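Peer 1: This is the structure I want to talk about, given as structure tokens.
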Amino acid sequence: MKAITVNSYGGPSVLEYTDQPDPKVGPDSVLIRVRAAGVNPVDWKIVGGYLDALMHAHYPLIPGWDVAGVVEAVGVDAPEYAVGDEVIGYVRKDEVQHGTYAELVAAPVRTLAPKPAALSWQQAAGLPLAGLTAYQALKRVGTQRGETVLVHAAAGGVGSLAVQIAVAWGVRVIGTASERNHDFLRSLGAEPVTYGDGLADRVRALAPEGVDVALDFVGNGVLDVSQQLLKDRSRLVSIADGEVGAKGGQMVWVRPDTADLTALADLADAGKLTVPIDAVFPLAEAAEAVKRSMSGRSRGKIVLEVSS
């Protein structure tokens with residue numbers, strides 16, 4: 001199969017388009033013919049060695065955890081799926097080597113769910129990691145209908161999905177973004193505010209009594225302003241700032257979860273959730289896709305198209 005591989009830590013230049021052996025399929029796994037693979041910041045952080053203290057990496061390393069594709073073979077104890085099934089997955093394993101930037105990937109069934117029919121292959125590939133991150137962050141602090149949630153970086157890949165999930169749950173959403181993304185946020189059902197100096201005042205102009213939940217999807221020192229605005233300072237979640245625990249909130253590191261991924265697919269098929277696509281690159285141009293992700297300026301998801 002063709003795959004993107006790296007043989008050492010480094011920047012986008014270490015990504016190579018290579019021939020690799022087809023994956024072996026474990027007992028509780030299926031082999032997926034990849035149609036599209038999502039690109040996420042964690043991918044280039046792994047390639048760059050930033051997560052070396054957390055995860056063992058083995059070479060040659062194929063990056064990527066998001067996938068959408070068709071089941072091509074099933075393991076001896078994988079009755080959940082059959083050949084020909086269309087699936088999506090957040091295929092994070094305990095160690096890093098056999099990722100989704102490839103024509104084929106072997107995925108444990110615990111990482112998968114049926115592909116939502118309402119989404120294209122590209123949209124479906126962008127849903128798992130970002131969607132699960134948003135969904136699990138909202139669940140972690142018990143977000144309820146009628147509450148007000150402040151979403152930092154609401155126009156990004158995770159933030160734009162968090163906005164839609166919260167709106168589908170009957171939650172009021174205030175989202176931070178640059179002014180060029182305000183109309184986009186309104187189209188998703190959020191009330192936009194510009195980030196930066198004076199943010200607390202701008203949020204209080206919309207929610208004088210403060211907010212019930214704050215979700216930090218960007219880092220960059222937004223924890224303190226979030227705590228100023230929260231009615232209950234413990235209802236703060238971050239995926240980007242390791243100081244959140246010391247400030248009374250919680251860190252979320254997204255977990256593979258079939259039930260949660262199925263719930264996201266159901267929202268998509270009900271017309272309540274879509275996946276904004278920022279850019280699509282062919283598999284061979286993964287380095288360019290990673291560069292775009294590293295710029296931090298994408299609106300929505302970046303996706304690799306692997307096959308049609």
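A note on labels: chains of the structure tokens are A, B, ... as shown, every chain counts residues from 1, and ligands are counted from 1 in their shown order.
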With a distance cut-off of 12 Å and only C-alpha atoms, select the neighbouring residues of segment 25-27 of chain A, excluding the residue or stretch itself and same-chain residues fewer than 6 positions from it, and output the selection as a PyMOL selection string.
Peer 2: chain A and resi 71-79+98+104-109
Peer 1: Any chance you can output those residues with C-alpha atoms as an mmCIF file, in the first residue's frame?
Peer 2:
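Output below, filename again_27.cif:
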data_model
loop_
_atom_site.group_PDB
_atom_site.id
_atom_site.type_symbol
_atom_site.label_atom_id
_atom_site.label_comp_id
_atom_site.auth_asym_id
_atom_site.auth_seq_id
_atom_site.Cartn_x
_atom_site.Cartn_y
_atom_site.Cartn_z
ATOM 1 C CA VAL A 71 -14.297 -2.475 5.553
ATOM 2 C CA GLU A 72 -12.199 -4.782 3.378
ATOM 3 C CA ALA A 73 -11.586 -7.644 5.822
ATOM 4 C CA VAL A 74 -12.605 -8.550 9.375
ATOM 5 C CA GLY A 75 -10.701 -10.174 12.222
ATOM 6 C CA VAL A 76 -11.673 -13.552 13.621
ATOM 7 C CA ASP A 77 -13.591 -11.939 16.505
ATOM 8 C CA ALA A 78 -15.041 -8.767 15.012
ATOM 9 C CA PRO A 79 -18.740 -9.549 14.512
ATOM 10 C CA HIS A 98 0.301 2.346 12.110
ATOM 11 C CA LEU A 104 -5.207 0.706 4.330
ATOM 12 C CA VAL A 105 -5.495 0.771 8.106
ATOM 13 C CA ALA A 106 -6.244 -1.957 10.644
ATOM 14 C CA ALA A 107 -8.603 -0.537 13.269
ATOM 15 C CA PRO A 108 -9.884 -2.088 16.520
ATOM 16 C CA VAL A 109 -13.669 -2.186 16.512
#
Peer 1: Listing only residues of segment 163-207 of chain A within 7 Å of segment 139-147 of chain A, what is the closest atom pair and its distance in Å (to one decimal) for each, using only C-alpha atoms, sorted by chain and residue number ascending, as a tab-separated table?
Peer 2:
residue	atom	partner	partner_atom	distance
A:Trp169	CA	A:Arg145	CA	5.8
A:Gly170	CA	A:Arg145	CA	4.7
A:Val171	CA	A:Arg145	CA	5.0
A:Arg172	CA	A:Glu147	CA	6.1
Peer 1: Output as a VMD selection string all residues of segment 63-222 of chain A that backbone DSSP marks as strand (DSSP E or B).
Peer 2: chain A and resid 66 to 74 86 to 90 96 to 98 102 104 to 108 112 to 114 148 to 152 172 to 177 191 to 194 211 213 to 216
Peer 1: Which polymer residues have any atom within 12 Å of an atom of Glu86 of chain A, counting only C-alpha atoms, with same-chain residues fewer than 6 positions away left out, as a list in words?
Peer 2: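 My list of contacting residues is Val30, Leu31, Ile32, Arg33, Val34, Arg35, Ala36, Val67, Ala68, Gly69, Val70, Val71, Glu72, Leu112, Ala113, Pro114, Lys115, Pro116, Ala117, Leu119, Ser120, Trp121, Ala124 and Ala125 of chain A.
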Peer 1: Could you write out that same residue set with N, CA, C and O atoms as a short mmCIF file (atom, residue, chain, number, x, y, z; two decimals), in the first residue's frame?
Peer 2:
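Resulting contents of again.cif:
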data_model
loop_
_atom_site.label_atom_id
_atom_site.label_comp_id
_atom_site.auth_asym_id
_atom_site.auth_seq_id
_atom_site.Cartn_x
_atom_site.Cartn_y
_atom_site.Cartn_z
N VAL A 30 -10.69 -4.62 12.16
CA VAL A 30 -11.08 -4.76 10.76
C VAL A 30 -10.06 -4.01 9.91
O VAL A 30 -9.40 -3.09 10.37
N LEU A 31 -9.94 -4.44 8.65
CA LEU A 31 -9.09 -3.74 7.70
C LEU A 31 -9.94 -2.78 6.90
O LEU A 31 -10.97 -3.17 6.34
N ILE A 32 -9.54 -1.51 6.89
CA ILE A 32 -10.32 -0.47 6.22
C ILE A 32 -9.57 0.02 4.99
O ILE A 32 -8.38 0.36 5.06
N ARG A 33 -10.26 0.05 3.86
CA ARG A 33 -9.77 0.74 2.68
C ARG A 33 -10.10 2.22 2.86
O ARG A 33 -11.25 2.61 2.89
N VAL A 34 -9.08 3.02 3.04
CA VAL A 34 -9.26 4.41 3.45
C VAL A 34 -9.74 5.25 2.26
O VAL A 34 -9.12 5.26 1.20
N ARG A 35 -10.84 5.95 2.47
CA ARG A 35 -11.31 6.92 1.48
C ARG A 35 -10.76 8.31 1.79
O ARG A 35 -10.40 9.07 0.89
N ALA A 36 -10.73 8.67 3.08
CA ALA A 36 -10.20 9.97 3.49
C ALA A 36 -9.68 9.87 4.92
O ALA A 36 -10.15 9.03 5.70
N VAL A 67 -10.18 8.48 10.38
CA VAL A 67 -10.36 7.73 9.14
C VAL A 67 -11.83 7.64 8.77
O VAL A 67 -12.71 7.61 9.65
N ALA A 68 -12.07 7.58 7.46
CA ALA A 68 -13.37 7.20 6.91
C ALA A 68 -13.09 6.27 5.74
O ALA A 68 -12.23 6.58 4.89
N GLY A 69 -13.77 5.12 5.71
CA GLY A 69 -13.49 4.19 4.64
C GLY A 69 -14.42 3.00 4.66
O GLY A 69 -15.45 2.99 5.33
N VAL A 70 -14.04 1.97 3.91
CA VAL A 70 -14.87 0.79 3.70
C VAL A 70 -14.14 -0.44 4.24
O VAL A 70 -12.96 -0.65 3.96
N VAL A 71 -14.88 -1.26 4.99
CA VAL A 71 -14.30 -2.48 5.55
C VAL A 71 -13.95 -3.44 4.42
O VAL A 71 -14.80 -3.81 3.60
N GLU A 72 -12.68 -3.87 4.41
CA GLU A 72 -12.20 -4.78 3.38
C GLU A 72 -11.98 -6.20 3.90
O GLU A 72 -12.04 -7.17 3.15
N LEU A 112 -14.40 2.46 16.25
CA LEU A 112 -15.17 2.69 15.04
C LEU A 112 -16.66 2.91 15.30
O LEU A 112 -17.18 2.57 16.36
N ALA A 113 -17.32 3.45 14.28
CA ALA A 113 -18.78 3.56 14.25
C ALA A 113 -19.20 3.60 12.79
O ALA A 113 -18.38 3.90 11.90
N PRO A 114 -20.46 3.31 12.50
CA PRO A 114 -20.93 3.41 11.11
C PRO A 114 -20.81 4.85 10.60
O PRO A 114 -21.07 5.81 11.33
N LYS A 115 -20.43 5.00 9.34
CA LYS A 115 -20.32 6.32 8.73
C LYS A 115 -21.71 6.95 8.61
O LYS A 115 -22.66 6.30 8.17
N PRO A 116 -21.86 8.23 9.00
CA PRO A 116 -23.14 8.90 8.78
C PRO A 116 -23.40 9.11 7.29
O PRO A 116 -22.53 9.60 6.56
N ALA A 117 -24.57 8.72 6.85
CA ALA A 117 -24.90 8.82 5.43
C ALA A 117 -24.96 10.27 4.96
O ALA A 117 -24.74 10.55 3.78
N LEU A 119 -23.01 12.71 5.55
CA LEU A 119 -21.73 13.36 5.36
C LEU A 119 -20.98 12.76 4.18
O LEU A 119 -21.04 11.55 3.95
N SER A 120 -20.24 13.59 3.46
CA SER A 120 -19.34 13.10 2.43
C SER A 120 -18.20 12.34 3.08
O SER A 120 -18.00 12.40 4.31
N TRP A 121 -17.40 11.65 2.27
CA TRP A 121 -16.24 10.96 2.82
C TRP A 121 -15.29 11.94 3.49
O TRP A 121 -14.73 11.66 4.56
N ALA A 124 -16.81 13.09 6.76
CA ALA A 124 -16.82 11.98 7.71
C ALA A 124 -15.43 11.77 8.31
O ALA A 124 -15.29 11.47 9.50
N ALA A 125 -14.39 11.94 7.48
CA ALA A 125 -13.03 11.76 7.97
C ALA A 125 -12.62 12.85 8.94
O ALA A 125 -11.75 12.64 9.80
#
Peer 1: Leaving out Ala177 of chain A and any residue of its chain fewer than 4 positions from it, which residues lie within 12 Å of it when counting only C-alpha atoms, given as an mmCIF file with C-alpha atoms, in the first residue's frame?
Peer 2:
data_model
loop_
_atom_site.group_PDB
_atom_site.id
_atom_site.type_symbol
_atom_site.label_atom_id
_atom_site.label_comp_id
_atom_site.auth_asym_id
_atom_site.auth_seq_id
_atom_site.Cartn_x
_atom_site.Cartn_y
_atom_site.Cartn_z
ATOM 1 C CA LEU A 150 -18.391 29.982 26.182
ATOM 2 C CA VAL A 151 -16.370 28.298 23.421
ATOM 3 C CA HIS A 152 -12.857 29.610 22.798
ATOM 4 C CA ALA A 153 -11.666 29.195 19.169
ATOM 5 C CA ALA A 154 -15.214 28.472 18.113
ATOM 6 C CA ALA A 155 -14.467 28.641 14.379
ATOM 7 C CA GLY A 156 -11.761 25.958 14.493
ATOM 8 C CA GLY A 159 -14.812 24.560 18.227
ATOM 9 C CA SER A 160 -17.151 24.563 15.233
ATOM 10 C CA ASN A 181 -15.371 34.337 11.209
ATOM 11 C CA HIS A 182 -18.317 35.982 12.960
ATOM 12 C CA ASP A 183 -20.827 35.327 10.177
ATOM 13 C CA PHE A 184 -19.654 31.721 10.039
ATOM 14 C CA LEU A 185 -20.335 31.312 13.764
ATOM 15 C CA ARG A 186 -23.765 32.897 13.423
ATOM 16 C CA ALA A 190 -23.458 30.859 18.062
ATOM 17 C CA GLU A 191 -23.199 34.462 19.239
ATOM 18 C CA PRO A 192 -19.691 35.587 18.197
ATOM 19 C CA VAL A 193 -17.301 37.771 20.171
ATOM 20 C CA THR A 194 -13.821 38.887 19.192
ATOM 21 C CA TYR A 195 -11.000 37.350 21.236
ATOM 22 C CA GLY A 196 -8.218 39.387 22.820
ATOM 23 C CA LEU A 199 -12.985 39.740 26.048
ATOM 24 C CA PHE A 217 -9.803 24.809 22.549
ATOM 25 C CA VAL A 218 -6.921 27.209 21.942
ATOM 26 C CA ARG A 297 -5.519 29.610 10.609
ATOM 27 C CA SER A 298 -7.796 26.938 9.241
ATOM 28 C CA ARG A 299 -11.560 27.312 9.533
#
Peer 1: Contacts of Gly242 of chain A at 12 Å or less, counting only C-alpha atoms, minus same-chain residues fewer than 6 places along, as a PyMOL selection string?
Peer 2: chain A and resi 216+218-221+223+248-253
Peer 1: Could you give me, as a PyMOL selection string, each residue of segment 113-219 of chain A that DSSP assigns to helix (DSSP H, G or I) when run on this structure's backbone?
Peer 2: chain A and resi 121-126+128-140+157-168+179-188+199-206
Peer 1: Give the answer as one residue: which of A:Lys301, A:Lys272, A:Arg255, A:Arg235 has the shortest atom-to-atom distance to Thr133 of chain A, using only C-alpha atoms?
Peer 2: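 Counting only C-alpha atoms, the residue closest to Thr133 of chain A is A:Arg255.
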Peer 1: With 10 Å as the cut-off and only C-alpha atoms counted, what is the closest atom pair between each nearby residue of segment 38-89 of chain A and segment 14-20 of chain A? Distances in Å to one decimal, ordered by chain and number, as a tab-separated table.
Peer 2:
residue	atom	partner	partner_atom	distance
A:Trp44	CA	A:Leu15	CA	9.9
A:Val47	CA	A:Val14	CA	8.4
A:Gly48	CA	A:Val14	CA	9.3
A:Pro60	CA	A:Gln20	CA	9.1
A:Leu61	CA	A:Leu15	CA	9.5
A:Ile62	CA	A:Leu15	CA	9.0
A:Pro63	CA	A:Leu15	CA	9.1
Peer 1: Let me make sure I understand: among A:Leu229, A:Gln123, A:Leu267, A:Val306, which one has the smallest atom-to-atom distance to Asp212 of chain A if we use only C-alpha atoms?
Peer 2: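 That would be A:Leu229, the residue with the smallest distance to Asp212 of chain A.
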